[in-house]
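Below is start10.cif, which holds mmCIF, C-alpha atoms.
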data_target
#
loop_
_atom_site.group_PDB
_atom_site.id
_atom_site.type_symbol
_atom_site.label_atom_id
_atom_site.label_comp_id
_atom_site.auth_asym_id
_atom_site.auth_seq_id
_atom_site.Cartn_x
_atom_site.Cartn_y
_atom_site.Cartn_z
ATOM 1 C CA MET T 1 67.758 128.084 103.679
ATOM 2 C CA LYS T 2 69.565 125.024 105.040
ATOM 3 C CA THR T 3 73.022 124.174 103.749
ATOM 4 C CA LEU T 4 73.836 120.654 102.562
ATOM 5 C CA LEU T 5 77.491 119.620 102.463
ATOM 6 C CA ILE T 6 77.878 116.824 99.921
ATOM 7 C CA ASP T 7 81.032 114.744 99.488
ATOM 8 C CA MET T 8 82.240 113.954 95.961
ATOM 9 C CA ASP T 9 84.141 110.664 95.951
ATOM 10 C CA SER T 10 81.899 107.604 96.301
ATOM 11 C CA VAL T 11 78.909 109.846 97.050
ATOM 12 C CA ILE T 12 78.450 111.943 93.902
ATOM 13 C CA CYS T 13 80.906 110.130 91.655
ATOM 14 C CA ASP T 14 82.158 106.560 91.480
ATOM 15 C CA LEU T 15 85.794 106.799 92.562
ATOM 16 C CA MET T 16 86.214 103.194 93.651
ATOM 17 C CA SER T 17 85.487 101.525 90.294
ATOM 18 C CA GLU T 18 88.154 103.480 88.374
ATOM 19 C CA TRP T 19 90.651 103.440 91.253
ATOM 20 C CA HIS T 20 90.299 99.693 91.739
ATOM 21 C CA ARG T 21 90.268 99.024 87.975
ATOM 22 C CA ARG T 22 93.731 100.593 87.706
ATOM 23 C CA TYR T 23 95.063 98.693 90.706
ATOM 24 C CA ASN T 24 93.517 95.385 89.522
ATOM 25 C CA TYR T 25 95.109 95.788 86.088
ATOM 26 C CA ASP T 26 98.577 96.462 87.520
ATOM 27 C CA TYR T 27 98.445 93.788 90.242
ATOM 28 C CA ASN T 28 96.235 91.154 88.598
ATOM 29 C CA ASP T 29 93.771 91.315 91.490
ATOM 30 C CA ASP T 30 90.002 91.633 91.953
ATOM 31 C CA LEU T 31 89.612 94.408 94.528
ATOM 32 C CA SER T 32 86.164 96.021 94.645
ATOM 33 C CA VAL T 33 84.323 98.375 96.981
ATOM 34 C CA GLU T 34 82.150 95.484 98.148
ATOM 35 C CA LYS T 35 85.240 93.829 99.642
ATOM 36 C CA LEU T 36 86.293 96.815 101.758
ATOM 37 C CA GLU T 37 85.217 96.230 105.345
ATOM 38 C CA CYS T 38 87.164 99.191 106.701
ATOM 39 C CA TRP T 39 88.378 102.544 105.398
ATOM 40 C CA ARG T 40 92.039 101.496 105.015
ATOM 41 C CA SER T 41 92.336 100.387 101.379
ATOM 42 C CA GLU T 42 95.949 99.306 101.929
ATOM 43 C CA ASP T 43 94.615 96.445 104.093
ATOM 44 C CA TYR T 44 92.887 94.902 101.046
ATOM 45 C CA VAL T 45 95.587 95.050 98.385
ATOM 46 C CA LYS T 46 98.446 92.702 97.663
ATOM 47 C CA ASN T 47 101.460 93.123 99.954
ATOM 48 C CA GLU T 48 103.657 94.352 97.117
ATOM 49 C CA CYS T 49 101.242 97.244 96.616
ATOM 50 C CA GLY T 50 100.506 98.286 100.215
ATOM 51 C CA ASP T 51 100.381 102.068 100.656
ATOM 52 C CA LYS T 52 101.134 102.523 96.944
ATOM 53 C CA ILE T 53 97.380 102.052 96.393
ATOM 54 C CA TYR T 54 97.037 105.752 97.189
ATOM 55 C CA GLU T 55 99.461 106.754 94.421
ATOM 56 C CA TYR T 56 96.700 105.985 91.905
ATOM 57 C CA LEU T 57 94.876 109.000 93.330
ATOM 58 C CA ASP T 58 97.782 111.141 92.080
ATOM 59 C CA GLN T 59 97.570 109.939 88.467
ATOM 60 C CA PRO T 60 96.599 112.729 86.087
ATOM 61 C CA GLY T 61 93.220 112.141 84.513
ATOM 62 C CA LEU T 62 91.823 109.812 87.180
ATOM 63 C CA PHE T 63 89.182 112.199 88.487
ATOM 64 C CA LEU T 64 88.174 113.401 85.028
ATOM 65 C CA LYS T 65 87.149 109.827 84.115
ATOM 66 C CA LEU T 66 84.820 109.310 87.081
ATOM 67 C CA LYS T 67 81.172 108.691 86.341
ATOM 68 C CA PRO T 68 78.382 110.183 88.423
ATOM 69 C CA LEU T 69 76.561 107.690 90.629
ATOM 70 C CA PRO T 70 73.043 106.868 89.402
ATOM 71 C CA ASP T 71 70.555 109.721 89.905
ATOM 72 C CA ALA T 72 73.157 111.957 91.609
ATOM 73 C CA ILE T 73 73.048 114.740 89.023
ATOM 74 C CA GLU T 74 69.275 114.828 88.742
ATOM 75 C CA VAL T 75 68.692 114.756 92.505
ATOM 76 C CA LEU T 76 71.342 117.407 93.134
ATOM 77 C CA GLU T 77 69.699 119.644 90.560
ATOM 78 C CA ARG T 78 66.348 119.314 92.338
ATOM 79 C CA LEU T 79 67.925 119.817 95.766
ATOM 80 C CA SER T 80 69.821 122.919 94.660
ATOM 81 C CA SER T 81 66.519 124.749 94.218
ATOM 82 C CA VAL T 82 65.540 124.039 97.844
ATOM 83 C CA TYR T 83 68.885 123.987 99.689
ATOM 84 C CA ASP T 84 72.198 125.757 99.527
ATOM 85 C CA VAL T 85 74.371 122.897 98.215
ATOM 86 C CA MET T 86 78.111 122.889 98.786
ATOM 87 C CA ILE T 87 80.387 120.160 97.444
ATOM 88 C CA VAL T 88 82.960 119.269 100.115
ATOM 89 C CA THR T 89 85.874 117.031 99.270
ATOM 90 C CA SER T 90 89.462 116.353 100.153
ATOM 91 C CA SER T 91 92.146 115.983 97.572
ATOM 92 C CA ARG T 92 95.679 115.156 96.588
ATOM 93 C CA THR T 93 97.927 116.711 93.898
ATOM 94 C CA TYR T 94 96.232 116.867 90.467
ATOM 95 C CA ALA T 95 92.791 116.225 91.826
ATOM 96 C CA TYR T 96 92.171 119.854 92.825
ATOM 97 C CA THR T 97 91.994 121.042 89.253
ATOM 98 C CA GLU T 98 90.353 117.871 87.959
ATOM 99 C CA LYS T 99 87.638 117.990 90.606
ATOM 100 C CA GLU T 100 86.888 121.602 89.675
ATOM 101 C CA GLN T 101 86.640 120.575 86.028
ATOM 102 C CA TRP T 102 84.411 117.611 86.932
ATOM 103 C CA VAL T 103 82.018 119.852 88.864
ATOM 104 C CA GLU T 104 81.912 122.390 86.033
ATOM 105 C CA LYS T 105 81.095 119.623 83.534
ATOM 106 C CA HIS T 106 78.596 117.569 85.545
ATOM 107 C CA LEU T 107 77.230 120.071 88.072
ATOM 108 C CA PRO T 108 77.218 123.464 86.330
ATOM 109 C CA PHE T 109 74.112 124.454 88.307
ATOM 110 C CA ILE T 110 76.262 124.196 91.476
ATOM 111 C CA GLY T 111 79.568 125.270 89.961
ATOM 112 C CA LYS T 112 83.091 125.299 91.294
ATOM 113 C CA ARG T 113 82.327 128.403 93.380
ATOM 114 C CA ASN T 114 80.453 126.022 95.703
ATOM 115 C CA LEU T 115 83.326 123.524 95.892
ATOM 116 C CA ILE T 116 85.253 123.390 99.179
ATOM 117 C CA PHE T 117 88.432 121.377 99.698
ATOM 118 C CA SER T 118 89.020 120.289 103.276
ATOM 119 C CA HIS T 119 90.207 117.267 105.200
ATOM 120 C CA ARG T 120 88.263 118.519 108.239
ATOM 121 C CA LYS T 121 84.703 118.739 107.011
ATOM 122 C CA GLU T 122 83.356 119.249 110.513
ATOM 123 C CA MET T 123 84.949 122.713 110.423
ATOM 124 C CA ILE T 124 82.779 123.789 107.477
ATOM 125 C CA ARG T 125 79.539 125.561 108.288
ATOM 126 C CA GLY T 126 76.574 123.523 107.119
ATOM 127 C CA ASP T 127 73.459 121.840 108.470
ATOM 128 C CA LEU T 128 73.990 118.339 107.091
ATOM 129 C CA LEU T 129 76.908 116.308 105.739
ATOM 130 C CA PHE T 130 76.299 113.499 103.217
ATOM 131 C CA ASP T 131 79.522 111.485 103.101
ATOM 132 C CA ASP T 132 80.929 107.969 103.075
ATOM 133 C CA ALA T 133 84.157 108.365 105.063
ATOM 134 C CA PRO T 134 83.735 107.108 108.628
ATOM 135 C CA HIS T 135 86.015 109.761 110.156
ATOM 136 C CA ASN T 136 84.070 112.587 108.465
ATOM 137 C CA LEU T 137 80.704 111.191 109.529
ATOM 138 C CA ILE T 138 81.811 110.756 113.143
ATOM 139 C CA ALA T 139 83.451 114.190 113.420
ATOM 140 C CA PHE T 140 80.462 115.957 111.861
ATOM 141 C CA LYS T 141 77.994 114.120 114.102
ATOM 142 C CA ASN T 142 80.167 114.945 117.124
ATOM 143 C CA SER T 143 79.895 118.624 116.179
ATOM 144 C CA GLY T 144 76.173 118.356 116.944
ATOM 145 C CA ARG T 145 74.982 118.414 113.340
ATOM 146 C CA MET T 146 73.328 115.832 111.113
ATOM 147 C CA ALA T 147 75.521 113.402 109.204
ATOM 148 C CA ILE T 148 74.108 110.836 106.806
ATOM 149 C CA ALA T 149 76.113 108.026 105.231
ATOM 150 C CA MET T 150 76.140 106.684 101.722
ATOM 151 C CA ASN T 151 75.945 103.075 102.812
ATOM 152 C CA TYR T 152 79.101 101.003 102.276
ATOM 153 C CA ARG T 153 80.492 98.029 104.199
ATOM 154 C CA TYR T 154 83.449 100.120 105.355
ATOM 155 C CA ASN T 155 81.237 102.610 107.223
ATOM 156 C CA GLN T 156 78.712 100.212 108.797
ATOM 157 C CA TYR T 157 79.922 100.821 112.348
ATOM 158 C CA VAL T 158 79.155 104.550 112.236
ATOM 159 C CA ASP T 159 75.868 105.296 113.996
ATOM 160 C CA VAL T 160 74.225 107.722 111.583
ATOM 161 C CA PRO T 161 71.279 107.426 109.195
ATOM 162 C CA ARG T 162 72.294 105.773 105.944
ATOM 163 C CA VAL T 163 71.002 105.519 102.415
ATOM 164 C CA ASN T 164 71.896 103.221 99.537
ATOM 165 C CA ASN T 165 71.440 105.667 96.678
ATOM 166 C CA TRP T 166 70.501 109.191 95.692
ATOM 167 C CA LEU T 167 66.776 108.587 95.452
ATOM 168 C CA GLU T 168 66.778 107.271 99.024
ATOM 169 C CA PHE T 169 68.734 110.360 100.101
ATOM 170 C CA GLU T 170 66.195 112.648 98.469
ATOM 171 C CA GLU T 171 63.360 110.761 100.178
ATOM 172 C CA TRP T 172 65.166 110.921 103.534
ATOM 173 C CA LEU T 173 65.595 114.682 103.159
ATOM 174 C CA SER T 174 61.850 115.080 102.635
ATOM 175 C CA THR T 175 61.331 113.887 106.236
ATOM 176 C CA TRP T 176 64.268 115.818 107.759
ATOM 177 C CA LYS T 177 63.396 118.875 109.785
#
As structure tokens, how would this structure be written, given the file I've shared?
Amino acid sequence: MKTLLIDMDSVICDLMSEWHRRYNYDYNDDLSVEKLECWRSEDYVKNECGDKIYEYLDQPGLFLKLKPLPDAIEVLERLSSVYDVMIVTSSRTYAYTEKEQWVEKHLPFIGKRNLIFSHRKEMIRGDLLFDDAPHNLIAFKNSGRMAIAMNYRYNQYVDVPRVNNWLEFEEWLSTWK
């Protein structure tokens, strides 16, 4: 059985909307994922915010509020009967516990026992990585394995197959050998 490594933030769940909503409220701005042309969020916020944009990721409760992306839960449930599915994510402070709770609530058929925290996803054994972060996609591809991108403006330069949603990912997998 092949092993799929699936990222959480902006692949399974919608991190950007809640993260940017909090920043926009505090800084009276209109940041959105569609405006990010590169991975460095600090390049898109007001100067007085800068690197503090990442402090929102440390706020208790942030990850518990995230909504699944459309069709993610249903497709993952179908895929989990055909593949060994591991959720791979990186984290800061409170997010470890909250991400475990999120998986238990939304993905009980996968469960937190299949949740791996790592900043170096290329080091995890798996056949395919589905992610959005350019550095993860590049490193995994460079390891000689298949990486596929959830398509965002900030990862356009990475030369890997890409999909726009979960139904496209499921369809792509049906042709993958």
Residues in the PyMOL selection byres ((chain T and resi 55-59) around 7), expressed as a ChimeraX atom specification
/T:19,52-54,60-62,92-94
Hey, what's within 9 Å of range 141-150 of chain T if we count only C-alpha atoms and toss same-chain stuff fewer than 2 positions away? As a PyMOL selection string, please?
chain T and resi 10-11+122-123+126-134+136-139+152+155-156+158+160-166+169
Closest to Phe117 in chain T among T:Trp102, T:Tyr96, T:Tyr83, T:Trp172, using only C-alpha atoms?
T:Tyr96
Closest to Trp39 in chain T among T:Tyr25, T:Asp84, T:Met16, T:Asp71, using all atoms listed in the file?
T:Met16
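Residue selection for this entry, given the PyMOL selection byres ((chain T and resi 64) around 10), comprises Pro60, Gly61, Leu62, Phe63, Lys65, Leu66, Lys67, Ala95, Thr97, Glu98, Lys99, Glu100, Gln101, Trp102, Val103 and Lys105 of chain T.
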For a test of reading the model, state the distance in Å between CA of Ile116 in chain T and CA of Ser41 in chain T, rounded to one decimal.
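Separating CA of Ile116 in chain T from CA of Ser41 in chain T is a distance of 24.2 Å.
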As an exercise, work out the distance from CA of Leu167 in chain T to CA of Ser80 in chain T in Å and give it to one decimal place.
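Between these atoms lies a distance of 14.7 Å.
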To one decimal place, how far is CA of Lys177 in chain T from CA of Lys121 in chain T in Å?
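Answer for the CA of Lys177 in chain T to CA of Lys121 in chain T separation: 21.5 Å.
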Could you give me, as an MDAnalysis selection string, the residues within 12 Å of Leu79 in chain T, counting only C-alpha atoms and dropping anything in the same chain fewer than 2 positions from it?
chainID T and resid 1:6 71:77 81:86 109:110 166:167 169:171 173:174
For a quick check of understanding, using only C-alpha atoms, which of T:Leu69, T:Asp29, T:Val88, T:Lys35 has the smallest distance to Asn47 in chain T?
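For Asn47 in chain T, the nearest of the given residues is T:Asp29.
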